[in-house]
$ cat structure.cif   # mmCIF, C-alpha atoms
data_upload
loop_
_atom_site.group_PDB
_atom_site.id
_atom_site.type_symbol
_atom_site.label_atom_id
_atom_site.label_comp_id
_atom_site.auth_asym_id
_atom_site.auth_seq_id
_atom_site.Cartn_x
_atom_site.Cartn_y
_atom_site.Cartn_z
ATOM 1 C CA MET A 1 -29.894 -35.225 64.228
ATOM 2 C CA HIS A 2 -32.236 -32.841 66.039
ATOM 3 C CA ILE A 3 -31.838 -29.690 63.931
ATOM 4 C CA VAL A 4 -30.900 -28.947 60.330
ATOM 5 C CA SER A 5 -30.756 -25.645 58.485
ATOM 6 C CA LEU A 6 -33.591 -24.976 56.064
ATOM 7 C CA GLU A 7 -31.022 -24.933 53.243
ATOM 8 C CA LYS A 8 -29.998 -28.520 54.066
ATOM 9 C CA ALA A 9 -33.433 -29.903 54.973
ATOM 10 C CA CYS A 10 -33.924 -31.309 51.463
ATOM 11 C CA TYR A 11 -30.955 -33.627 52.048
ATOM 12 C CA ALA A 12 -32.585 -35.115 55.146
ATOM 13 C CA GLU A 13 -35.287 -37.775 55.112
ATOM 14 C CA LEU A 14 -38.763 -36.461 54.369
ATOM 15 C CA GLN A 15 -40.042 -38.311 57.446
ATOM 16 C CA ALA A 16 -37.600 -36.346 59.593
ATOM 17 C CA VAL A 17 -38.241 -32.770 58.418
ATOM 18 C CA GLY A 18 -41.787 -33.008 57.049
ATOM 19 C CA SER A 19 -43.273 -31.976 53.725
ATOM 20 C CA LYS A 20 -43.449 -28.223 54.298
ATOM 21 C CA ALA A 21 -39.763 -27.825 55.166
ATOM 22 C CA TYR A 22 -38.616 -30.414 52.618
ATOM 23 C CA ASN A 23 -40.436 -28.802 49.677
ATOM 24 C CA LEU A 24 -39.385 -25.282 50.624
ATOM 25 C CA SER A 25 -35.767 -26.365 51.066
ATOM 26 C CA LYS A 26 -35.706 -27.813 47.546
ATOM 27 C CA MET A 27 -36.747 -24.436 46.152
ATOM 28 C CA ILE A 28 -33.943 -22.444 47.792
ATOM 29 C CA GLN A 29 -31.493 -23.183 44.970
ATOM 30 C CA HIS A 30 -34.015 -22.053 42.352
ATOM 31 C CA VAL A 31 -35.999 -19.172 43.839
ATOM 32 C CA SER A 32 -34.718 -16.077 45.636
ATOM 33 C CA HIS A 33 -36.254 -14.468 48.716
ATOM 34 C CA ILE A 34 -37.031 -17.513 50.833
ATOM 35 C CA PRO A 35 -36.649 -16.421 54.488
ATOM 36 C CA THR A 36 -33.797 -18.072 56.374
ATOM 37 C CA GLY A 37 -34.583 -20.689 58.993
ATOM 38 C CA PHE A 38 -33.969 -24.064 60.593
ATOM 39 C CA VAL A 39 -35.937 -27.274 61.118
ATOM 40 C CA LEU A 40 -36.402 -29.379 64.218
ATOM 41 C CA THR A 41 -36.593 -32.942 62.961
ATOM 42 C CA SER A 42 -38.962 -35.637 64.201
ATOM 43 C CA HIS A 43 -35.974 -37.002 66.179
ATOM 44 C CA ALA A 44 -36.244 -33.887 68.376
ATOM 45 C CA LEU A 45 -39.885 -34.726 69.079
ATOM 46 C CA HIS A 46 -39.039 -38.324 69.953
ATOM 47 C CA SER A 47 -36.267 -37.139 72.307
ATOM 48 C CA PHE A 48 -38.736 -34.778 73.976
ATOM 49 C CA LEU A 49 -41.347 -37.528 74.380
ATOM 50 C CA THR A 50 -38.784 -39.919 75.849
ATOM 51 C CA PHE A 51 -37.356 -37.288 78.207
ATOM 52 C CA ASN A 52 -40.847 -36.465 79.513
ATOM 53 C CA GLN A 53 -41.880 -40.140 79.646
ATOM 54 C CA ILE A 54 -44.844 -39.589 77.341
ATOM 55 C CA GLU A 55 -46.081 -42.920 76.007
ATOM 56 C CA ILE A 56 -48.137 -42.197 72.887
ATOM 57 C CA LYS A 57 -49.516 -45.733 72.613
ATOM 58 C CA ALA A 58 -50.702 -45.776 76.211
ATOM 59 C CA GLU A 59 -52.252 -42.312 76.517
ATOM 60 C CA ASP A 60 -55.375 -40.578 75.244
ATOM 61 C CA SER A 61 -54.552 -37.945 72.616
ATOM 62 C CA ASN A 62 -55.900 -35.111 74.785
ATOM 63 C CA VAL A 63 -53.639 -36.215 77.616
ATOM 64 C CA ILE A 64 -50.655 -36.338 75.265
ATOM 65 C CA GLU A 65 -51.388 -32.783 74.061
ATOM 66 C CA LYS A 66 -51.418 -31.455 77.634
ATOM 67 C CA LYS A 67 -48.282 -33.371 78.630
ATOM 68 C CA ILE A 68 -46.383 -31.981 75.625
ATOM 69 C CA GLN A 69 -47.516 -28.425 76.367
ATOM 70 C CA SER A 70 -46.362 -28.719 79.987
ATOM 71 C CA GLY A 71 -43.251 -30.779 79.211
ATOM 72 C CA THR A 72 -39.605 -29.778 79.630
ATOM 73 C CA PHE A 73 -36.931 -29.756 76.950
ATOM 74 C CA PRO A 74 -33.808 -31.857 77.471
ATOM 75 C CA SER A 75 -31.029 -29.354 78.190
ATOM 76 C CA VAL A 76 -28.942 -30.365 75.163
ATOM 77 C CA LEU A 77 -31.921 -29.984 72.806
ATOM 78 C CA GLN A 78 -32.873 -26.627 74.306
ATOM 79 C CA LYS A 79 -29.321 -25.348 73.830
ATOM 80 C CA GLU A 80 -29.396 -26.476 70.172
ATOM 81 C CA ILE A 81 -32.700 -24.682 69.592
ATOM 82 C CA VAL A 82 -31.542 -21.449 71.208
ATOM 83 C CA SER A 83 -28.228 -21.555 69.338
ATOM 84 C CA SER A 84 -30.004 -22.029 65.990
ATOM 85 C CA TYR A 85 -32.405 -19.208 66.859
ATOM 86 C CA VAL A 86 -29.527 -16.848 67.687
ATOM 87 C CA ASN A 87 -27.836 -17.786 64.411
ATOM 88 C CA ILE A 88 -30.783 -16.819 62.228
ATOM 89 C CA GLN A 89 -31.277 -13.629 64.224
ATOM 90 C CA GLY A 90 -27.792 -12.644 63.092
ATOM 91 C CA ALA A 91 -28.271 -13.759 59.481
ATOM 92 C CA GLY A 92 -28.310 -11.053 56.822
ATOM 93 C CA ALA A 93 -30.058 -7.944 58.102
ATOM 94 C CA GLY A 94 -31.137 -9.800 61.237
ATOM 95 C CA VAL A 95 -34.410 -11.477 62.121
ATOM 96 C CA LYS A 96 -36.649 -9.629 64.574
ATOM 97 C CA ALA A 97 -39.439 -12.205 64.725
ATOM 98 C CA VAL A 98 -39.918 -15.775 63.542
ATOM 99 C CA ALA A 99 -42.782 -17.890 62.299
ATOM 100 C CA VAL A 100 -43.002 -21.367 63.837
ATOM 101 C CA ARG A 101 -44.759 -23.815 61.541
ATOM 102 C CA SER A 102 -45.606 -27.491 61.860
ATOM 103 C CA SER A 103 -44.102 -29.604 59.093
ATOM 104 C CA SER A 104 -45.542 -33.098 59.123
ATOM 105 C CA ALA A 105 -44.475 -35.864 56.768
ATOM 106 C CA LEU A 106 -48.176 -36.724 56.526
ATOM 107 C CA GLU A 107 -49.058 -33.401 54.882
ATOM 108 C CA ASP A 108 -49.780 -33.238 51.163
ATOM 109 C CA LEU A 109 -50.315 -36.964 50.652
ATOM 110 C CA GLU A 110 -52.067 -38.084 47.483
ATOM 111 C CA ASN A 111 -55.300 -38.832 49.334
ATOM 112 C CA ALA A 112 -54.959 -36.508 52.349
ATOM 113 C CA SER A 113 -53.601 -33.006 52.873
ATOM 114 C CA PHE A 114 -54.078 -32.269 56.614
ATOM 115 C CA ALA A 115 -54.229 -28.640 55.395
ATOM 116 C CA GLY A 116 -54.656 -26.135 58.215
ATOM 117 C CA GLN A 117 -54.901 -28.819 60.902
ATOM 118 C CA TYR A 118 -51.451 -28.397 62.409
ATOM 119 C CA GLU A 119 -50.358 -25.369 64.388
ATOM 120 C CA THR A 120 -48.626 -22.244 63.065
ATOM 121 C CA ILE A 121 -47.512 -19.459 65.409
ATOM 122 C CA LEU A 122 -46.510 -16.080 63.983
ATOM 123 C CA ASN A 123 -44.569 -13.132 65.392
ATOM 124 C CA VAL A 124 -42.563 -15.147 67.915
ATOM 125 C CA ARG A 125 -40.138 -12.647 69.450
ATOM 126 C CA ASN A 126 -38.096 -14.324 72.194
ATOM 127 C CA ARG A 127 -36.681 -17.653 73.332
ATOM 128 C CA GLU A 128 -39.488 -18.427 75.766
ATOM 129 C CA GLU A 129 -42.155 -17.842 73.103
ATOM 130 C CA LEU A 130 -40.132 -19.973 70.684
ATOM 131 C CA LEU A 131 -39.942 -22.968 73.007
ATOM 132 C CA THR A 132 -43.647 -22.714 73.819
ATOM 133 C CA SER A 133 -44.526 -22.447 70.122
ATOM 134 C CA ILE A 134 -42.509 -25.553 69.255
ATOM 135 C CA LYS A 135 -44.433 -27.517 71.877
ATOM 136 C CA GLU A 136 -47.721 -26.170 70.470
ATOM 137 C CA CYS A 137 -46.765 -27.473 67.027
ATOM 138 C CA TRP A 138 -45.855 -30.889 68.399
ATOM 139 C CA ALA A 139 -49.057 -31.045 70.443
ATOM 140 C CA SER A 140 -51.154 -30.280 67.355
ATOM 141 C CA TYR A 141 -50.053 -33.617 65.858
ATOM 142 C CA PHE A 142 -52.157 -35.274 68.562
ATOM 143 C CA SER A 143 -55.169 -32.952 68.390
ATOM 144 C CA SER A 144 -58.641 -34.484 68.145
ATOM 145 C CA VAL A 145 -59.133 -32.880 64.710
ATOM 146 C CA VAL A 146 -55.975 -34.500 63.316
ATOM 147 C CA GLN A 147 -56.780 -37.824 64.979
ATOM 148 C CA ALA A 148 -60.280 -37.893 63.473
ATOM 149 C CA TYR A 149 -59.045 -36.920 60.007
ATOM 150 C CA ALA A 150 -56.309 -39.569 60.079
ATOM 151 C CA GLU A 151 -58.773 -42.224 61.199
ATOM 152 C CA ASP A 152 -61.148 -41.262 58.368
ATOM 153 C CA LYS A 153 -58.286 -41.566 55.860
ATOM 154 C CA GLU A 154 -57.012 -44.785 57.492
ATOM 155 C CA ILE A 155 -53.625 -43.225 58.267
ATOM 156 C CA SER A 156 -51.636 -44.383 61.291
ATOM 157 C CA LEU A 157 -50.234 -41.727 63.643
ATOM 158 C CA SER A 158 -48.459 -44.205 65.923
ATOM 159 C CA ASN A 159 -44.967 -43.124 64.773
ATOM 160 C CA PRO A 160 -44.938 -39.299 64.926
ATOM 161 C CA GLN A 161 -43.265 -37.785 61.882
ATOM 162 C CA MET A 162 -43.436 -34.105 62.735
ATOM 163 C CA GLY A 163 -40.796 -31.525 61.949
ATOM 164 C CA VAL A 164 -41.071 -27.893 63.035
ATOM 165 C CA LEU A 165 -39.930 -25.098 60.722
ATOM 166 C CA VAL A 166 -38.618 -21.944 62.404
ATOM 167 C CA GLN A 167 -38.228 -19.158 59.883
ATOM 168 C CA GLY A 168 -37.616 -15.435 59.777
ATOM 169 C CA MET A 169 -41.026 -13.811 59.564
ATOM 170 C CA VAL A 170 -41.934 -11.439 56.751
ATOM 171 C CA GLU A 171 -43.848 -8.414 58.058
ATOM 172 C CA ALA A 172 -45.945 -8.493 54.900
ATOM 173 C CA ASP A 173 -47.519 -5.470 53.262
ATOM 174 C CA VAL A 174 -49.665 -7.897 51.276
ATOM 175 C CA SER A 175 -49.774 -11.678 51.039
ATOM 176 C CA GLY A 176 -51.820 -14.543 49.715
ATOM 177 C CA VAL A 177 -51.972 -17.819 47.849
ATOM 178 C CA ILE A 178 -51.463 -18.831 44.234
ATOM 179 C CA PHE A 179 -52.727 -21.885 42.346
ATOM 180 C CA SER A 180 -50.877 -22.808 39.171
ATOM 181 C CA VAL A 181 -54.105 -24.326 37.814
ATOM 182 C CA ASN A 182 -57.579 -22.880 38.208
ATOM 183 C CA PRO A 183 -59.020 -24.861 41.148
ATOM 184 C CA ILE A 184 -62.595 -24.174 40.043
ATOM 185 C CA THR A 185 -62.441 -24.858 36.298
ATOM 186 C CA GLU A 186 -59.319 -27.070 36.499
ATOM 187 C CA SER A 187 -57.895 -25.133 33.546
ATOM 188 C CA GLU A 188 -54.128 -25.638 33.336
ATOM 189 C CA ASP A 189 -53.851 -22.455 31.266
ATOM 190 C CA GLU A 190 -54.787 -20.175 34.169
ATOM 191 C CA VAL A 191 -53.025 -19.091 37.341
ATOM 192 C CA VAL A 192 -55.278 -17.924 40.195
ATOM 193 C CA ILE A 193 -54.040 -15.433 42.803
ATOM 194 C CA ASN A 194 -55.870 -14.583 46.039
ATOM 195 C CA VAL A 195 -54.240 -11.615 47.764
ATOM 196 C CA ALA A 196 -55.010 -9.126 50.536
ATOM 197 C CA TYR A 197 -53.277 -6.708 52.894
ATOM 198 C CA GLY A 198 -51.214 -7.861 55.866
ATOM 199 C CA LEU A 199 -50.219 -11.389 56.874
ATOM 200 C CA GLY A 200 -51.466 -14.344 54.861
ATOM 201 C CA GLU A 201 -53.293 -16.201 57.621
ATOM 202 C CA GLY A 202 -56.410 -14.138 56.945
ATOM 203 C CA VAL A 203 -56.523 -15.361 53.346
ATOM 204 C CA VAL A 204 -55.489 -18.943 54.139
ATOM 205 C CA SER A 205 -58.102 -19.288 56.899
ATOM 206 C CA GLY A 206 -60.856 -17.812 54.738
ATOM 207 C CA GLY A 207 -61.498 -15.004 57.203
ATOM 208 C CA VAL A 208 -60.715 -12.297 54.642
ATOM 209 C CA THR A 209 -62.311 -11.977 51.189
ATOM 210 C CA PRO A 210 -59.216 -11.323 49.050
ATOM 211 C CA ASP A 211 -58.702 -9.656 45.704
ATOM 212 C CA LEU A 212 -58.879 -12.237 42.915
ATOM 213 C CA PHE A 213 -56.606 -12.285 39.863
ATOM 214 C CA ILE A 214 -56.957 -14.888 37.102
ATOM 215 C CA ILE A 215 -54.098 -14.740 34.604
ATOM 216 C CA HIS A 216 -53.839 -16.666 31.344
ATOM 217 C CA LYS A 217 -50.380 -18.231 31.172
ATOM 218 C CA GLN A 218 -49.854 -17.689 27.453
ATOM 219 C CA THR A 219 -51.634 -14.422 26.666
ATOM 220 C CA LYS A 220 -50.910 -12.825 30.092
ATOM 221 C CA SER A 221 -54.455 -11.419 30.038
ATOM 222 C CA ILE A 222 -55.805 -10.616 33.514
ATOM 223 C CA VAL A 223 -59.336 -10.936 34.855
ATOM 224 C CA LYS A 224 -59.663 -9.487 38.344
ATOM 225 C CA GLU A 225 -62.277 -9.012 41.021
ATOM 226 C CA LEU A 226 -62.069 -6.621 43.960
ATOM 227 C CA GLY A 227 -62.318 -8.363 47.336
ATOM 228 C CA LEU A 228 -63.936 -6.951 50.446
ATOM 229 C CA LYS A 229 -60.659 -7.203 52.404
ATOM 230 C CA GLU A 230 -62.639 -6.883 55.649
ATOM 231 C CA TYR A 231 -59.532 -6.578 57.841
ATOM 232 C CA LYS A 232 -55.818 -7.234 57.787
ATOM 233 C CA LEU A 233 -53.674 -9.239 60.176
ATOM 234 C CA VAL A 234 -50.568 -7.472 61.458
ATOM 235 C CA SER A 235 -47.915 -8.152 64.079
ATOM 236 C CA GLY A 236 -48.764 -6.910 67.534
ATOM 237 C CA PHE A 237 -46.586 -6.442 70.604
ATOM 238 C CA THR A 238 -46.967 -10.193 70.857
ATOM 239 C CA GLY A 239 -48.696 -12.503 68.400
ATOM 240 C CA ILE A 240 -50.866 -11.088 65.626
ATOM 241 C CA THR A 241 -53.840 -8.783 65.706
ATOM 242 C CA LYS A 242 -56.634 -7.593 63.426
ATOM 243 C CA ALA A 243 -56.364 -4.083 62.004
ATOM 244 C CA VAL A 244 -59.002 -2.101 60.169
ATOM 245 C CA THR A 245 -58.627 -1.727 56.417
ATOM 246 C CA THR A 246 -59.296 1.810 55.250
ATOM 247 C CA ASP A 247 -61.926 2.680 52.650
ATOM 248 C CA LYS A 248 -59.091 3.477 50.253
ATOM 249 C CA GLU A 249 -57.564 0.009 50.772
ATOM 250 C CA LYS A 250 -60.923 -1.685 50.334
ATOM 251 C CA ASN A 251 -61.644 0.177 47.094
ATOM 252 C CA GLU A 252 -58.236 -0.447 45.512
ATOM 253 C CA PHE A 253 -56.567 -3.685 44.446
ATOM 254 C CA SER A 254 -53.892 -4.748 46.916
ATOM 255 C CA ILE A 255 -51.358 -5.394 44.121
ATOM 256 C CA SER A 256 -50.789 -3.892 40.686
ATOM 257 C CA ASP A 257 -51.149 -5.797 37.420
ATOM 258 C CA GLU A 258 -47.361 -5.614 37.103
ATOM 259 C CA THR A 259 -46.924 -7.354 40.474
ATOM 260 C CA ALA A 260 -49.529 -9.948 39.472
ATOM 261 C CA LEU A 261 -47.433 -10.741 36.372
ATOM 262 C CA GLN A 262 -44.326 -11.050 38.561
ATOM 263 C CA LEU A 263 -46.233 -13.598 40.645
ATOM 264 C CA LEU A 264 -47.182 -15.402 37.443
ATOM 265 C CA ARG A 265 -43.498 -15.659 36.478
ATOM 266 C CA LEU A 266 -42.636 -16.996 39.939
ATOM 267 C CA THR A 267 -45.438 -19.555 39.734
ATOM 268 C CA ASN A 268 -44.345 -20.742 36.285
ATOM 269 C CA GLN A 269 -40.784 -21.096 37.579
ATOM 270 C CA VAL A 270 -41.866 -23.146 40.601
ATOM 271 C CA GLU A 271 -44.274 -25.322 38.625
ATOM 272 C CA GLN A 272 -41.651 -26.030 35.976
ATOM 273 C CA TYR A 273 -39.182 -27.133 38.638
ATOM 274 C CA CYS A 274 -41.693 -29.247 40.582
ATOM 275 C CA GLN A 275 -43.321 -30.766 37.469
ATOM 276 C CA TYR A 276 -46.749 -30.734 39.093
ATOM 277 C CA ALA A 277 -49.484 -28.193 39.798
ATOM 278 C CA VAL A 278 -48.517 -26.110 42.816
ATOM 279 C CA ASP A 279 -50.237 -24.238 45.621
ATOM 280 C CA ILE A 280 -47.991 -21.363 46.779
ATOM 281 C CA GLU A 281 -48.118 -19.094 49.804
ATOM 282 C CA PHE A 282 -46.330 -15.773 49.325
ATOM 283 C CA ALA A 283 -45.744 -12.447 51.034
ATOM 284 C CA ILE A 284 -44.647 -9.078 49.682
ATOM 285 C CA LYS A 285 -42.663 -6.576 51.730
ATOM 286 C CA ASN A 286 -41.242 -3.380 50.236
ATOM 287 C CA GLU A 287 -42.005 -4.763 46.749
ATOM 288 C CA HIS A 288 -39.928 -7.916 47.366
ATOM 289 C CA ILE A 289 -41.794 -11.189 46.835
ATOM 290 C CA TYR A 290 -41.101 -13.921 49.405
ATOM 291 C CA LEU A 291 -41.970 -17.576 48.883
ATOM 292 C CA LEU A 292 -43.339 -19.070 52.114
ATOM 293 C CA GLN A 293 -44.716 -22.457 51.110
ATOM 294 C CA VAL A 294 -44.943 -24.759 48.110
ATOM 295 C CA ARG A 295 -47.188 -27.793 47.992
ATOM 296 C CA PRO A 296 -49.011 -29.864 45.377
ATOM 297 C CA VAL A 297 -52.505 -28.689 44.550
ATOM 298 C CA THR A 298 -54.881 -31.040 46.387
ATOM 299 C CA THR A 299 -58.630 -31.347 46.197
#
$ encode --input "structure.cif" --output "structure tokens"
Amino acid sequence: MHIVSLEKACYAELQAVGSKAYNLSKMIQHVSHIPTGFVLTSHALHSFLTFNQIEIKAEDSNVIEKKIQSGTFPSVLQKEIVSSYVNIQGAGAGVKAVAVRSSSALEDLENASFAGQYETILNVRNREELLTSIKECWASYFSSVVQAYAEDKEISLSNPQMGVLVQGMVEADVSGVIFSVNPITESEDEVVINVAYGLGEGVVSGGVTPDLFIIHKQTKSIVKELGLKEYKLVSGFTGITKAVTTDKEKNEFSISDETALQLLRLTNQVEQYCQYAVDIEFAIKNEHIYLLQVRPVTT
């Protein structure tokens, strides 16, 4: 099976859809406002490699990356991808742009996270961009950074287990990450929220100094610190671009205390379902909170 809906990805093998898609799919029955999408399984990657005669055991990783980026999709697979893309464009109010995210089965392992090492492409707006973005995600599995990290952790990459998640993109007013335990003090009584204006990549990459909220789970008391919020990432005509944050935005918190408490409730709900400490990526658009990623907290 080359493609499954995000709703059904949790019924597939983890090795086929990858951790990101698998974990998010499990949450759909329990949390509202998860953007619709579909997942290319690792079988799609293997079909692509076979069709383009790319031998991963016989080639240098840099060569494999280039061959994937210049490769051609089998016609049947391309039709499946385009059909799935058209379907989510027509879902609900319609999807104008999608986010294309790597979803490796090797992410979020007990001793290795591969966090931020695979490709994510935002604001993908047509079929050609979609197909190129999928190849970029696949190619990132063979990048020198991933290869070196895997070698250091003694993890074999000889059998690629890489799904690709294609999901309606949230044009976020604000976004960020949440830890259901304090990653600095390791206190299980505190939820930590990092949040800033625009798309979340600025916060995730560390390029933006976000607003910080620390909330006590029982007392609901909030300690907060204003971030610099140097810029915000927004959708451009194509891809994403940096926009200037105004003095007003810099001098105000990007979310209210009430919204912070809503995020606390969401985090408690997710953590209770998962039964482990969670690291959440979220976005807020028109006061609606969207869950974008759930993973175990890793050190």
$ residues_around --input "structure.cif" --residues "segment 226-238 of chain A" --least-positions-apart "6" --cutoff "6 Å" --atoms "only C-alpha atoms" --output "mmCIF file with C-alpha atoms, in the frame of the given file"
data_model
loop_
_atom_site.group_PDB
_atom_site.id
_atom_site.type_symbol
_atom_site.label_atom_id
_atom_site.label_comp_id
_atom_site.auth_asym_id
_atom_site.auth_seq_id
_atom_site.Cartn_x
_atom_site.Cartn_y
_atom_site.Cartn_z
ATOM 1 C CA TYR A 197 -53.277 -6.708 52.894
ATOM 2 C CA GLY A 198 -51.214 -7.861 55.866
ATOM 3 C CA LEU A 199 -50.219 -11.389 56.874
ATOM 4 C CA VAL A 208 -60.715 -12.297 54.642
ATOM 5 C CA THR A 209 -62.311 -11.977 51.189
ATOM 6 C CA PRO A 210 -59.216 -11.323 49.050
ATOM 7 C CA ASP A 211 -58.702 -9.656 45.704
ATOM 8 C CA VAL A 244 -59.002 -2.101 60.169
ATOM 9 C CA THR A 245 -58.627 -1.727 56.417
ATOM 10 C CA LYS A 250 -60.923 -1.685 50.334
#
$ closest_residue --input "structure.cif" --among "A:Ser175, A:Thr50, A:Gln167, A:Ser133" --to "Val98 of chain A" --atoms "all atoms listed in the file"
A:Gln167
$ atom_distance --input "structure.cif" --atom1 "atom CA of Thr72 of chain A" --atom2 "atom CA of Val146 of chain A"
23.6 Å
$ atom_distance --input "structure.cif" --atom1 "atom CA of Val174 of chain A" --atom2 "atom CA of Ala196 of chain A"
5.5 Å
$ residues_around --input "structure.cif" --residues "Val181 of chain A" --least-positions-apart "5" --cutoff "12 Å" --atoms "all atoms listed in the file" --output "count of residues only"
25
$ closest_residue --input "structure.cif" --among "A:Ser61, A:Asn251, A:Thr36, A:Asn286" --to "Gln147 of chain A" --atoms "all atoms listed in the file"
A:Ser61
$ resolve_selection --input "structure.cif" --expression "the PyMOL selection byres ((chain A and resi 258) around 12)" --output "PyMOL selection string"
chain A and resi 213+215+220-222+253-257+259-265+287
$ write_last_selection --input "structure.cif" --atoms "C-alpha atoms" --output "compact mmCIF listing (two decimals), in the coordinates of the input"
# COMPACT_ATOMS: atom_id res chain seq x y z
CA PHE A 213 -56.61 -12.28 39.86
CA ILE A 215 -54.10 -14.74 34.60
CA LYS A 220 -50.91 -12.82 30.09
CA SER A 221 -54.46 -11.42 30.04
CA ILE A 222 -55.80 -10.62 33.51
CA PHE A 253 -56.57 -3.68 44.45
CA SER A 254 -53.89 -4.75 46.92
CA ILE A 255 -51.36 -5.39 44.12
CA SER A 256 -50.79 -3.89 40.69
CA ASP A 257 -51.15 -5.80 37.42
CA THR A 259 -46.92 -7.35 40.47
CA ALA A 260 -49.53 -9.95 39.47
CA LEU A 261 -47.43 -10.74 36.37
CA GLN A 262 -44.33 -11.05 38.56
CA LEU A 263 -46.23 -13.60 40.65
CA LEU A 264 -47.18 -15.40 37.44
CA ARG A 265 -43.50 -15.66 36.48
CA GLU A 287 -42.00 -4.76 46.75
$ closest_residue --input "structure.cif" --among "A:Gly168, A:Gly200, A:Gly163, A:Gly18" --to "His33 of chain A" --atoms "only C-alpha atoms"
A:Gly168
$ resolve_selection --input "structure.cif" --expression "the PyMOL selection byres ((chain A and resi 162) around 9)" --output "VMD selection string"
chain A and resid 15 to 18 40 to 43 45 102 to 106 137 to 138 141 160 to 161 163 to 164
$ atom_distance --input "structure.cif" --atom1 "atom CA of Phe73 of chain A" --atom2 "atom CA of Ile54 of chain A"
12.6 Å
$ residues_around --input "structure.cif" --residues "Leu122 of chain A" --least-positions-apart "2" --cutoff "7 Å" --atoms "only C-alpha atoms" --output "PDB file with C-alpha atoms, in the coordinates of the input"
ATOM      1  CA  VAL A  98     -39.918 -15.775  63.542  1.00  0.00           C
ATOM      2  CA  ALA A  99     -42.782 -17.890  62.299  1.00  0.00           C
ATOM      3  CA  VAL A 100     -43.002 -21.367  63.837  1.00  0.00           C
ATOM      4  CA  THR A 120     -48.626 -22.244  63.065  1.00  0.00           C
ATOM      5  CA  VAL A 124     -42.563 -15.147  67.915  1.00  0.00           C
ATOM      6  CA  GLY A 239     -48.696 -12.503  68.400  1.00  0.00           C
ATOM      7  CA  ILE A 240     -50.866 -11.088  65.626  1.00  0.00           C
TER       8      ILE A 240
END
$ closest_residue --input "structure.cif" --among "A:Arg127, A:Ile68, A:Val86, A:Gly37" --to "Asn52 of chain A" --atoms "all atoms listed in the file"
A:Ile68
$ axis_aligned_box --input "structure.cif" --around "segment 122-138 of chain A" --padding-each-side "5 Å" --output "JSON"
{"center_x": -42.2, "center_y": -21.8, "center_z": 69.9, "size_x": 21.0, "size_y": 28.2, "size_z": 21.8}
$ resolve_selection --input "structure.cif" --expression "the PyMOL selection byres ((chain A and resi 77) around 9)" --output "compact mmCIF listing (two decimals) with C-alpha atoms, in the coordinates of the input"
# COMPACT_ATOMS: atom_id res chain seq x y z
CA HIS A 2 -32.24 -32.84 66.04
CA ILE A 3 -31.84 -29.69 63.93
CA ALA A 44 -36.24 -33.89 68.38
CA SER A 47 -36.27 -37.14 72.31
CA PHE A 48 -38.74 -34.78 73.98
CA PHE A 73 -36.93 -29.76 76.95
CA PRO A 74 -33.81 -31.86 77.47
CA SER A 75 -31.03 -29.35 78.19
CA VAL A 76 -28.94 -30.36 75.16
CA GLN A 78 -32.87 -26.63 74.31
CA LYS A 79 -29.32 -25.35 73.83
CA GLU A 80 -29.40 -26.48 70.17
CA ILE A 81 -32.70 -24.68 69.59
CA VAL A 82 -31.54 -21.45 71.21
$ closest_residue --input "structure.cif" --among "A:Gln89, A:Thr219, A:Ser25, A:Asn182" --to "Ala12 of chain A" --atoms "all atoms listed in the file"
A:Ser25
$ residues_around --input "structure.cif" --residues "Leu24 of chain A" --least-positions-apart "6" --cutoff "10 Å" --atoms "only C-alpha atoms" --output "JSON list (two decimals) with C-alpha atoms, keeping the file's coordinate frame"
[["chain", "number", "residue", "atom", "x", "y", "z"],
["A", 6, "LEU", "CA", -33.59, -24.98, 56.06],
["A", 7, "GLU", "CA", -31.02, -24.93, 53.24],
["A", 9, "ALA", "CA", -33.43, -29.90, 54.97],
["A", 10, "CYS", "CA", -33.92, -31.31, 51.46],
["A", 31, "VAL", "CA", -36.00, -19.17, 43.84],
["A", 34, "ILE", "CA", -37.03, -17.51, 50.83],
["A", 291, "LEU", "CA", -41.97, -17.58, 48.88],
["A", 292, "LEU", "CA", -43.34, -19.07, 52.11],
["A", 293, "GLN", "CA", -44.72, -22.46, 51.11],
["A", 294, "VAL", "CA", -44.94, -24.76, 48.11],
["A", 295, "ARG", "CA", -47.19, -27.79, 47.99]]
